[in-house]
Structures are given as C-alpha cells and as structure tokens.
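Notes follow the structure.
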Amino acid sequence: MNPILSIKNLQAHFHTRRGVVKAVNGISYDLFPGETLAVVGESGSGKSVSQLSYLRLLASPPLKIPGGQVFYRDKDLLKLSDAELRKIRGDKITMIFQEPMTSLNPYLTVGAQLIEPLVIHRKKAKSEAWQAATAALERVGISNASNAMKAYPHEFSGGMRQRVMIAMALTTEPEVLIADEPTTALDVTVQAQILDLLKSIQKENKMALLLITHDLGVVANIAHKVVVMYAGRVFEKGSVDDIFYRSEHPYTQALLKSTPRVDRDDKILPAISGNTPDLIQIGSGCPFYERCSYRTDLCQAEFPQVRLGLKGHERYCHVEKVSS
Amino acid sequence: MSLKYLLGRLAVMVPVFFLVVTLVFFMIRFAPGGPFSSEKSVSPAILKNLEAKYHMDEPLSRQYLHYLKDLLHGDLGPSFKHANRTVNEIIAEALPVSLELGLLSLTWALMIGICAGGLAALKPNTSWDYIPMSFAILGICLPTFVVGPVLVLVFGVWLQWLPVAGWESWQDRVLPSLTLGFAYAAYISRLTRGGLMEIRMQDFIRTARAKGLSESDILLKHSLRGGLLPVISYLGPALAGIITGALVTETIFNIPGLGRFFIESAVNRDYTVVMGTSLLYFTLIFVCNFLVDIFYALLDPRVKYV
Amino acid sequence: MSEIMAQSQSIVNEEGQSLWADAWFRLKKNHLAVLGLCFLVFEMMLFFGVPLISTVGYEAQNLELTLAAPSFQHWLGTDTLGRDLFQRLLYGGRISLTVGILASLVSAIVGVIYGSVAGFLGGKIDGFLMRVVDVLYALPFIFLVIILMVYFGRNLILLFVALGLTQWLTMARIVRGQVLSLRHKEFIEAAKSLGIRQRKIVLRHLIPNTLGAVIVYLTLTVPSVILEEAFLSYLGLGVQAPMASWGTLIKEGVDVMDQAPWLLFFPALCLSTTLFSLNFLGDGLRDALDPKGAKD
C-alpha cells in the first residue's frame, strides 16, 4: 500500500532577530490510509510546526523551509502554488487545533463557518451545505443541531466547540485529518469523550488520522503507530507496542518512565533532568546529548543513522543496546 | 441586546437633558451683560419694551418655567438678535447644511481611513504601511484650523482651483469636507490598521486558512467585521468631534451652518439661539452615541447589555 | 517562537532594577519618545530662558515694519503691528504650555480623586459613580466651555479650570481600574488587617501605586488641552489680546496668510511639533511603564 501522506527529510526554520531557530531538522515519516499515527513530543519538539509549515499555516517570513518533500499521493505539497495547495488543504487534508475557544470566529454563527468548506471545495449551494453541515454536527454528538447552527461560538463550552471543529473538518470527508493536540485544552472527562469521538469517526470514515500530542495516555488509547520527536528530530517510529514495550531509545524510555501508569505502582516519577536544547544553538549532533545517560562522543558529533528493528520499527540512536 | 437596556439608556437621557437645560439656562442668565447691553443707542423705554417682549422683565424662575413649557412643545423661542425669526426657523435652515457637511466629511474619512488602514494591515512594514501611517500621524497632530487655512491658501488662493467660501455648488463642498474629515480619516486609518492586525493574529484566522479559504475571503468574511469594531466604537466620539470641528470649519469657509450660528450667537449673547443650538448639539451627540452602541452590539454577538 | 520571545523578554525583566529605572531604560530605547522629550526640553528652555536675556518685548510694536518677511533682525518676520513673531511665538508658547499643563493637573486631581474613591469603595457606589462618568462621556463639554468663556469673561484661570474639567473622565476610569486591581493585592490586605484607616490606605498606598498610569495619561492629556485651548483662541474665545497663545497667533496668521504666509506657517509648525512630541513621549512612557499593556 502506498502512503497517503509522506514526509521526507522536511526542515523548517524560523528566521528571527536572535538567529535562525531550527524548529524541524530533517524528519521523515509516512501516514497510510485508514491508520492513526500519533506524533509524540514535548513542546518545542517541532511536532506541530512540521505540520503547520508544509500546510503554509505559519507566517512566512519568519518561516522558511530550506529542504525536504511532503507528498500527498504523488504531489509534492511544497512545490504547489498557493492556489493549488488551497484546493487540497481544507478538502483532502483538514485540520483541528488545540484551542477550541479561539479557533472559531466569534463574529460568525457556527453554521456560517461550518458550511464554508463545502461551499468552497464542493461548490455546493448554501442550503445544501447547510443541511450537510447540520448532519455533521449531529454526527459529532451535538444535540439539537439545527439550533446549534444558528448559535455563536461563545454560547458553547470548550468541549462542544471542539466537536464543532471536528464536524467542520469532516464535512468534506477528508482523506487525512490532522489533529493538533485536540484535547489538551479540555477537562479530563471531556478529553475522553473527544478522543472516543475521533476514534470512532476514524474507523467509520476509514480516513488517516495524524494526531499530534504530548500525552502518552492519548497515544496508547487511540494510535496504531507512533512517531517520537525531540528538538526537531524523529527519534523513534513504530507500532504502539513497539514504542511502549520494545523501545530501545533512551529518550523514549525516559519519557515512558516519567509518565504515570495505572498498571504500574510508581512511588516516584523520574523527571528527565536538564532542559530541551536551544534550537538556535543546535548543531549536527544528537539533540538529546546533554540529557542522555548513554551519551558518547559520537553522539555529539553527528546524528545517528536509522537502526531497523522488526516490522518497521525504526530508531535513531548510536547506542547498540539500551537496558530498560 | 435587551430592550431593558435600551429603555434604561433612554431613561437616563431624560434627567441628563433636564440638567443640561437648567445648567445652560442659569449659566447664561447669571453671566454679566445681556443681549441688549451692547446696543447703547437704545433708549430706556425701548429697552423696556424689548425686555417685556422677551419676558426678560419677569423673575428668573418664571422665565425658566416659561422656557421649559415652550421647550416641551418643541418651541425654542424667538431669537433675540435676528428680528422676527424664531430659533426653530434658524435651526431648520442651518441644520441641514451642517448635517450635509458632517456626513460628507465622515463618509470620506471612513472610506479613505478604512482603505488606507486596510492596505497597511495587509502589507505591514512596507511603503503601503509607512506612507499612509505617516500621513495619519500628521492628520492627528494638525488641527482643523491649520489644515483649513492651508487648503484655502494652496487650492483657493494660489492655484485657484476651488472656491474658498459659500455653500452653493458642489465645488464649495470639497475643501470644507476635506478639512473637517482629514483628522478623522487619519485616526480611522490607524484604528483600522490596529484592529485588522490584531484580528489577523487570532487563531480563527488560521482555522479559516486551514479550511482553504482564499486570502480575499479571509479578509472580507473573517477579518473585517471584528477588525472594524474599534472603528465603530470610535464613531461616537468622531461624530462629536466632527460637530465641534464644524464650528471652526464653518467659520473658516463662511458656511451658513449651525456651528457658525452658535459661535455668532454666543458672541452676540443671543440667549435663545445659544440655548437652542446647545440643546440640539447635546441631543444629537447623545442620539449618535446611542445608535453607535446599538450598531456595535449588532456586529459583535458577544456583547450583551444587561 | 512566541516562547522564545517570552524567554528573551523575561531575561530583560530579570535584570533586577526598580520600576522607574527599568522604565527609563526602556524609554531610552524608544527613539521617537526620546526625540520628543529632547524637543520639549529645548522648547521649555527657549520659552522661559529667552525672555530673560532678550531686549525686544513681545508687545513692542514697530508700525514702520509690518508684515516683514523673516530677516536677520526679525528671524521669523513681523506681524500686522510690526511685532517680532519669534518673540510672540515664545510668549504664546509659554501661555499654551502653561494652560496645557495646569489644566491637565486640574483634570488629574479631579480624576484621581474620583477614580480612586470609586475603585476603593467598590460595589454599588462604584457602579453609580462609573455610570455617571458614562453619561458625562456623551456630553460635549467644549460647548459648556465656550458658553462659560463667552459669558464669564475670558480669563486665564477660568480657562484652564474649565478645560481641566472637560478632561478628567478618562483619568477617573484609568485610576479606578488600577485601584480596583491593586485593592486585592497582598500589601493592601496587610494594611487593612493592621487596622489602618481607609483614608490613609488610599493616600499612602493606592495613589502612589497608580502614579505610573497617571503620569502616562497626564502626558497624553497635555496635548489635547493645548489643542482645545488653541481651538478656543482661534475662535476668539480663549486668550485675549495683548496676551497671545499659539491659537491666537494662528488666527492672526490666517487673516493675512495670502500676504505673509510665514505668519501662519511658524505658529502652526510650533503647535504641531509640540503636539507630536507630547504624543510620542506619552506613547513611549506608556510602553515603558507598562510593557505588557496593549497599544491602541
């Protein structure tokens, strides 16, 4: 099977007054139709910037993409004109964001915003789009959808607004849905509901879901495959089981150890010591060098080549064997 | 927006209006000198007649009640200085002129201001931004009574392109409305720029982009409404400012509007005209502010007056 | 990226200076504000210094040399009565600035008292006081000032008191907002728990802490008062001859502008540059004293 979205050696840099912030430094991963891929990392790991960069949702300047390719089917998104990209963005590839409270336009009714993708991409008449959008709202679990269409965003709670965002991203029945920390800003109980919703919709539509998150609990719940990112690099890729049970990367392991688990009786959660590196100073070596307990001189000099494991499990580390 | 709030606002207006009437009435009457004191040639007998005619010989409280009673009937009384004319007649003649001047100025101030500010916001830190914004700073620091005469000097006296006084043809409208609108165009362009820049940094603009909307749709459908709210809320003060600015503009260009009558009557102590025009100004500004607030609430669904 | 900017911001703030030193440091980096400040200082020195050493008075007429163009003898030319424009500009500037500063002080005193009382008492009284301010906002005070000036004589004290009374509303709002937010800060609670009387808390704790906002708004009030004064004087309702302000000078200039445009040009230039400087300085002070505060 061919991937629906394939990121190859993507780089994204911000040119600021202080210097060039190298937010994404050559990452590669594939997203296959019908699978849920979780991109995991701390804030500043570039997990979100990488998506926003090739979708051209960041101001440029300061953003520059010095290298890489991002294929949607056989089209390199980076080579498309703005108008060509707009035809894919919002239609084949849609996105929902972290902040449901501010991601909807407060001056327009929910309905006016929901029908836009259908009107723009499918050239539907407003009344037809309105009906389809109402159905989409019902599908994401909003009761009394026809009234909700006429309401303004501020009349909804955060969880409801995120449902609206999801409905909006689904109206065109996209092939790829990118969800950028969709539950981070929500209450814990609401988080679970939204995740369940995303999970069931992904199954029903057989679409590819790319979930950006820092929450390993979310990953375990919903993802098929996982990409672990740190400071603009991919450290490890694999199935959920690969990452949770067979990880051989020092960073992934440290991350797992610092996450509370129900099936483990932790007295102390060990935090990863040290800080994430300054993305301006970052060199060609492994960015985890400063904090890694396995580090060697080689780590500081160059970033490791891929080490292949079983069934597509990949890790980027100079260390042969990591004890868990 | 609730009806209760609207009625509440109107209810506040009544006592304030009454207070203003009282304040202005007594302020004028307690001031030294009267409408006839400058006319030294008038004999005491005629003066007495004049005063009787305008009820000036009665006690002040009677005059006050008398005035209030007439006011309730919409009668602002006779002019003291313009024989045989009532204040109502003067206002009926002068108000349309002032309204036309004011609306003309505001219209073009809005047009220029919003366009210039919008361009500046779309292309920040380019010459599309710097040039209009430098003009805007100039507009804010150059008062009407400097802009007006300079325009007269350049376009009226030196180039002789446009007439410098009167209110007959359309050419007469150009310089006065430019003069009066200049400062407001400047301010509105700054507000538009600020408002739009602020809106375009919001998350929901990114959402709109993610949906695949074109940049022009993002501007027209998603940015303008919120971005222009600062301009809308400035309209109240702007209208008040334009009304005040018209005092000078009408004087400079010799336009028979309300402002010129107000200044003239104030200097001549034409009590009833000063009273009448002041009250009209207060009402106008109050009503305008009221309308602007309603308009604002209609544009911003989050505003709920309780 | 915003994180990075926040980081560098906090580095600047952590340099551990007092509020005022810190504000001065930031103000110095704002070139327009510094330029405005320098210009104002220079202007003040001219206004109040030159008359001490000058031999020509602002009233001295020379009817043989009327409407003279700028020359070595009369740097900026002379007016219809042969008076030296440079001298008259300095004199007018003194009047304009004096009226501007005094009227702003009047407005500050009224506004600070009103605002801090409202903010400190809070509750229903605050609601009522602020409602009054809302209503007054809708009134065009300048008409009342005109009527006052016309009927009670054009004297300078009445002028700046009246102008000051038109400007206190915004000051009251700002101070009230500041006091309201300060009210619940720990040191006020501490003062209350020590049994210090309300009046003393207002005077000793609240007012000093709102000083930053007051200074900023005061700086921005001065130019609008100067403008109002010039407006009145232009209409012949402000300062009276033989006294002069920039407003009256502009008016005199307008009357003869087709023969002697410099009589309009120089006073207008003075007025505008002063308004510029004060506005830039005010904006700069606002940014310096409240780096987080939003620009308009």
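In the structure tokens, chains take letters A, B, ... by order of appearance, with residues numbered from 1 within each chain and ligands from 1 in the order shown.
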For Ser103 (chain A), work out the shell of residues within 10 Å, counting only C-alpha atoms and skipping chain neighbours fewer than 3 positions away, then give it as a list in words.
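In the requested form, the answer reads Ile96, Phe97, Gln98, Glu99, Pro100, Pro106, Pro153, Arg161, Gln162 and Met165 of chain A; Gln202, Asp203, Phe204, Ile205, Arg206, Thr207 and Ala208 of chain B.
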Would you mind listing, as a PyMOL selection string, all residues of chain B that have at least one atom within 8 Å of chain C, where only C-alpha atoms are what counts?
chain B and resi 12+16+24+27-28+31-33+141-143+145-146+149+153+157+191+194+240+244+248+263+266-267+269+278+281-282+285-286+289
Wanna dump the chain B-chain A contacts at 12 Å for me, each residue with its shortest atom pair and the distance in Å to one decimal, counting only C-alpha atoms, ordered by chain and number, as CSV?
residue,atom,partner,partner_atom,distance
B:Ile199,CA,A:Asn105,CA,10.0
B:Arg200,CA,A:Ala59,CA,10.8
B:Met201,CA,A:Ala59,CA,9.8
B:Gln202,CA,A:Thr102,CA,7.3
B:Asp203,CA,A:Ser103,CA,4.9
B:Phe204,CA,A:Ser103,CA,4.1
B:Ile205,CA,A:Asn105,CA,7.7
B:Arg206,CA,A:Leu57,CA,6.4
B:Thr207,CA,A:Ser103,CA,6.0
B:Ala208,CA,A:Gln113,CA,8.5
B:Arg209,CA,A:Leu57,CA,6.9
B:Ala210,CA,A:Gly90,CA,5.5
B:Lys211,CA,A:Gly90,CA,3.8
B:Gly212,CA,A:Arg86,CA,4.6
B:Leu213,CA,A:Arg86,CA,7.1
B:Ser214,CA,A:Arg86,CA,7.5
B:Glu215,CA,A:Ala83,CA,10.0
B:Asp217,CA,A:Ile120,CA,10.2
B:Ile218,CA,A:Asn105,CA,11.0
B:Lys221,CA,A:Leu108,CA,8.8
B:His222,CA,A:Asn105,CA,7.0
B:Ser223,CA,A:Asn105,CA,9.1
B:Leu224,CA,A:Tyr107,CA,10.0
B:Arg225,CA,A:Tyr107,CA,7.1
B:Gly226,CA,A:Tyr107,CA,6.7
B:Gly227,CA,A:Tyr107,CA,10.4
B:Leu228,CA,A:Tyr107,CA,11.6
B:Leu229,CA,A:Tyr107,CA,10.6
B:Tyr296,CA,A:Tyr107,CA,11.5
B:Ala297,CA,A:Tyr107,CA,10.9
B:Leu298,CA,A:Tyr107,CA,9.9
B:Leu299,CA,A:Tyr107,CA,7.3
B:Asp300,CA,A:Tyr107,CA,5.9
B:Pro301,CA,A:Tyr107,CA,6.1
B:Arg302,CA,A:His154,CA,6.9
B:Val303,CA,A:His154,CA,10.5
B:Lys304,CA,A:His154,CA,11.6
Could you write out the selected residues, including C-alpha atoms, as a CSV table (one decimal), in the first residue's frame?
chain,number,residue,atom,x,y,z
B,199,ILE,CA,-7.6,40.1,14.2
B,200,ARG,CA,-5.2,38.6,11.8
B,201,MET,CA,-3.1,37.2,14.6
B,202,GLN,CA,-6.1,35.3,16.0
B,203,ASP,CA,-6.4,31.6,15.9
B,204,PHE,CA,-9.6,31.6,14.0
B,205,ILE,CA,-7.9,33.2,11.0
B,206,ARG,CA,-5.6,30.2,11.0
B,207,THR,CA,-8.7,28.0,11.0
B,208,ALA,CA,-10.1,29.8,8.1
B,209,ARG,CA,-6.8,29.3,6.2
B,210,ALA,CA,-6.8,25.7,7.1
B,211,LYS,CA,-10.2,25.4,5.6
B,212,GLY,CA,-8.8,26.5,2.3
B,213,LEU,CA,-10.4,29.9,2.1
B,214,SER,CA,-8.7,32.4,-0.2
B,215,GLU,CA,-7.0,35.4,1.2
B,217,ASP,CA,-12.4,35.6,1.6
B,218,ILE,CA,-10.4,35.6,4.8
B,221,LYS,CA,-15.6,37.3,5.6
B,222,HIS,CA,-13.5,36.7,8.7
B,223,SER,CA,-11.4,39.8,9.4
B,224,LEU,CA,-13.3,42.9,8.5
B,225,ARG,CA,-16.2,42.6,10.9
B,226,GLY,CA,-14.1,42.1,14.0
B,227,GLY,CA,-11.3,44.3,12.7
B,228,LEU,CA,-13.6,47.3,12.2
B,229,LEU,CA,-15.1,47.1,15.7
B,296,TYR,CA,-21.7,47.8,17.8
B,297,ALA,CA,-23.8,45.2,19.7
B,298,LEU,CA,-25.3,44.1,16.4
B,299,LEU,CA,-21.8,43.5,15.0
B,300,ASP,CA,-20.3,41.8,18.0
B,301,PRO,CA,-22.5,38.9,19.1
B,302,ARG,CA,-20.6,38.6,22.3
B,303,VAL,CA,-21.8,42.0,23.6
B,304,LYS,CA,-24.8,41.6,25.8
Show which residues sit within 9 Å of Met111 (chain B), as a list in words. Count only C-alpha atoms, and ignore same-chain residues fewer than 5 positions away.
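So, after excluding close chain neighbours, the residues are Leu106, Ala116 and Ala185 of chain B.
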Residues of chain A no more than 9 Å from chain C, counting only C-alpha atoms: send them over as a short mmCIF file (atom, residue, chain, number, x, y, z; two decimals) with N, CA and C atoms, in the first residue's frame.
data_model
loop_
_atom_site.label_atom_id
_atom_site.label_comp_id
_atom_site.auth_asym_id
_atom_site.auth_seq_id
_atom_site.Cartn_x
_atom_site.Cartn_y
_atom_site.Cartn_z
N PHE A 14 12.88 29.13 11.55
CA PHE A 14 12.35 30.48 11.75
C PHE A 14 13.51 31.46 11.77
N THR A 16 14.68 34.67 13.01
CA THR A 16 14.34 35.71 13.98
C THR A 16 15.53 36.62 14.17
N VAL A 21 16.08 29.85 14.20
CA VAL A 21 15.55 28.82 15.09
C VAL A 21 15.25 27.59 14.24
N ALA A 23 13.59 24.69 13.97
CA ALA A 23 12.50 24.01 14.67
C ALA A 23 12.33 22.58 14.18
N GLY A 44 7.93 22.29 21.75
CA GLY A 44 9.20 22.70 21.15
C GLY A 44 9.88 21.58 20.39
#
Excluding His224 (chain A) and any residue of its chain fewer than 4 positions from it, enumerate the residues within 12 Å of it, using only C-alpha atoms, and give them as JSON, numbers by chain.
{"A": [31, 32, 33, 34, 35, 36, 37, 38, 39, 199, 202, 203, 208, 209, 210, 211, 218, 219, 220, 237, 238, 239, 240, 241, 242, 243, 244]}
Create the file for the chosen residues now, containing N, CA and C atoms and written as a PDB file, in the first residue's frame.
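Result written to out.pdb:
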ATOM      1  N   LEU A  31       2.289   8.334   6.433  1.00  0.00           N
ATOM      2  CA  LEU A  31       0.959   8.119   7.002  1.00  0.00           C
ATOM      3  C   LEU A  31       0.184   7.303   5.974  1.00  0.00           C
ATOM      4  N   PHE A  32      -0.337   6.138   6.388  1.00  0.00           N
ATOM      5  CA  PHE A  32      -1.051   5.275   5.448  1.00  0.00           C
ATOM      6  C   PHE A  32      -2.550   5.466   5.578  1.00  0.00           C
ATOM      7  N   PRO A  33      -3.291   5.212   4.506  1.00  0.00           N
ATOM      8  CA  PRO A  33      -4.746   5.372   4.551  1.00  0.00           C
ATOM      9  C   PRO A  33      -5.336   4.511   5.657  1.00  0.00           C
ATOM     10  N   GLY A  34      -6.275   5.080   6.369  1.00  0.00           N
ATOM     11  CA  GLY A  34      -7.013   4.306   7.360  1.00  0.00           C
ATOM     12  C   GLY A  34      -6.273   4.026   8.648  1.00  0.00           C
ATOM     13  N   GLU A  35      -5.103   4.638   8.861  1.00  0.00           N
ATOM     14  CA  GLU A  35      -4.417   4.375  10.130  1.00  0.00           C
ATOM     15  C   GLU A  35      -4.325   5.648  10.974  1.00  0.00           C
ATOM     16  N   THR A  36      -4.157   5.449  12.259  1.00  0.00           N
ATOM     17  CA  THR A  36      -3.966   6.572  13.156  1.00  0.00           C
ATOM     18  C   THR A  36      -2.506   6.616  13.583  1.00  0.00           C
ATOM     19  N   LEU A  37      -1.880   7.723  13.236  1.00  0.00           N
ATOM     20  CA  LEU A  37      -0.476   7.894  13.581  1.00  0.00           C
ATOM     21  C   LEU A  37      -0.381   8.997  14.627  1.00  0.00           C
ATOM     22  N   ALA A  38       0.276   8.686  15.760  1.00  0.00           N
ATOM     23  CA  ALA A  38       0.455   9.712  16.785  1.00  0.00           C
ATOM     24  C   ALA A  38       1.867  10.242  16.703  1.00  0.00           C
ATOM     25  N   VAL A  39       2.006  11.565  16.637  1.00  0.00           N
ATOM     26  CA  VAL A  39       3.330  12.191  16.708  1.00  0.00           C
ATOM     27  C   VAL A  39       3.477  12.737  18.119  1.00  0.00           C
ATOM     28  N   LYS A 199     -11.813   8.532  17.511  1.00  0.00           N
ATOM     29  CA  LYS A 199     -11.532   7.124  17.246  1.00  0.00           C
ATOM     30  C   LYS A 199     -12.648   6.507  16.395  1.00  0.00           C
ATOM     31  N   GLN A 202     -12.710   7.952  12.857  1.00  0.00           N
ATOM     32  CA  GLN A 202     -11.595   7.442  12.046  1.00  0.00           C
ATOM     33  C   GLN A 202     -11.934   6.061  11.487  1.00  0.00           C
ATOM     34  N   LYS A 203     -12.537   5.236  12.352  1.00  0.00           N
ATOM     35  CA  LYS A 203     -12.912   3.881  11.956  1.00  0.00           C
ATOM     36  C   LYS A 203     -13.991   3.914  10.875  1.00  0.00           C
ATOM     37  N   ALA A 208      -7.231   8.624   7.307  1.00  0.00           N
ATOM     38  CA  ALA A 208      -5.987   8.610   8.058  1.00  0.00           C
ATOM     39  C   ALA A 208      -6.034   9.736   9.078  1.00  0.00           C
ATOM     40  N   LEU A 209      -5.673   9.413  10.328  1.00  0.00           N
ATOM     41  CA  LEU A 209      -5.684  10.422  11.384  1.00  0.00           C
ATOM     42  C   LEU A 209      -4.262  10.633  11.872  1.00  0.00           C
ATOM     43  N   LEU A 210      -3.814  11.884  11.767  1.00  0.00           N
ATOM     44  CA  LEU A 210      -2.494  12.205  12.287  1.00  0.00           C
ATOM     45  C   LEU A 210      -2.708  13.017  13.547  1.00  0.00           C
ATOM     46  N   LEU A 211      -2.346  12.412  14.679  1.00  0.00           N
ATOM     47  CA  LEU A 211      -2.648  13.022  15.956  1.00  0.00           C
ATOM     48  C   LEU A 211      -1.368  13.548  16.580  1.00  0.00           C
ATOM     49  N   VAL A 218      -2.996   9.351  25.703  1.00  0.00           N
ATOM     50  CA  VAL A 218      -3.795   9.523  24.499  1.00  0.00           C
ATOM     51  C   VAL A 218      -3.310   8.569  23.411  1.00  0.00           C
ATOM     52  N   VAL A 219      -1.977   8.464  23.285  1.00  0.00           N
ATOM     53  CA  VAL A 219      -1.374   7.627  22.253  1.00  0.00           C
ATOM     54  C   VAL A 219      -1.814   6.176  22.425  1.00  0.00           C
ATOM     55  N   ALA A 220      -1.673   5.683  23.649  1.00  0.00           N
ATOM     56  CA  ALA A 220      -1.991   4.286  23.927  1.00  0.00           C
ATOM     57  C   ALA A 220      -3.442   3.988  23.596  1.00  0.00           C
ATOM     58  N   LYS A 237      10.243   5.414  15.523  1.00  0.00           N
ATOM     59  CA  LYS A 237       8.967   5.174  14.851  1.00  0.00           C
ATOM     60  C   LYS A 237       8.607   3.714  15.060  1.00  0.00           C
ATOM     61  N   GLY A 238       7.315   3.425  15.157  1.00  0.00           N
ATOM     62  CA  GLY A 238       6.932   2.029  15.285  1.00  0.00           C
ATOM     63  C   GLY A 238       5.476   1.891  15.657  1.00  0.00           C
ATOM     64  N   SER A 239       5.059   0.647  15.863  1.00  0.00           N
ATOM     65  CA  SER A 239       3.687   0.425  16.304  1.00  0.00           C
ATOM     66  C   SER A 239       3.589   0.842  17.766  1.00  0.00           C
ATOM     67  N   VAL A 240       2.365   0.941  18.278  1.00  0.00           N
ATOM     68  CA  VAL A 240       2.183   1.319  19.673  1.00  0.00           C
ATOM     69  C   VAL A 240       2.935   0.346  20.574  1.00  0.00           C
ATOM     70  N   ASP A 241       2.853  -0.950  20.275  1.00  0.00           N
ATOM     71  CA  ASP A 241       3.544  -1.931  21.106  1.00  0.00           C
ATOM     72  C   ASP A 241       5.058  -1.775  21.022  1.00  0.00           C
ATOM     73  N   ASP A 242       5.556  -1.491  19.807  1.00  0.00           N
ATOM     74  CA  ASP A 242       6.988  -1.238  19.651  1.00  0.00           C
ATOM     75  C   ASP A 242       7.436  -0.160  20.612  1.00  0.00           C
ATOM     76  N   ILE A 243       6.706   0.918  20.635  1.00  0.00           N
ATOM     77  CA  ILE A 243       7.114   2.080  21.426  1.00  0.00           C
ATOM     78  C   ILE A 243       6.920   1.826  22.923  1.00  0.00           C
ATOM     79  N   PHE A 244       5.793   1.255  23.286  1.00  0.00           N
ATOM     80  CA  PHE A 244       5.509   1.126  24.706  1.00  0.00           C
ATOM     81  C   PHE A 244       6.241  -0.049  25.350  1.00  0.00           C
TER      82      PHE A 244
END
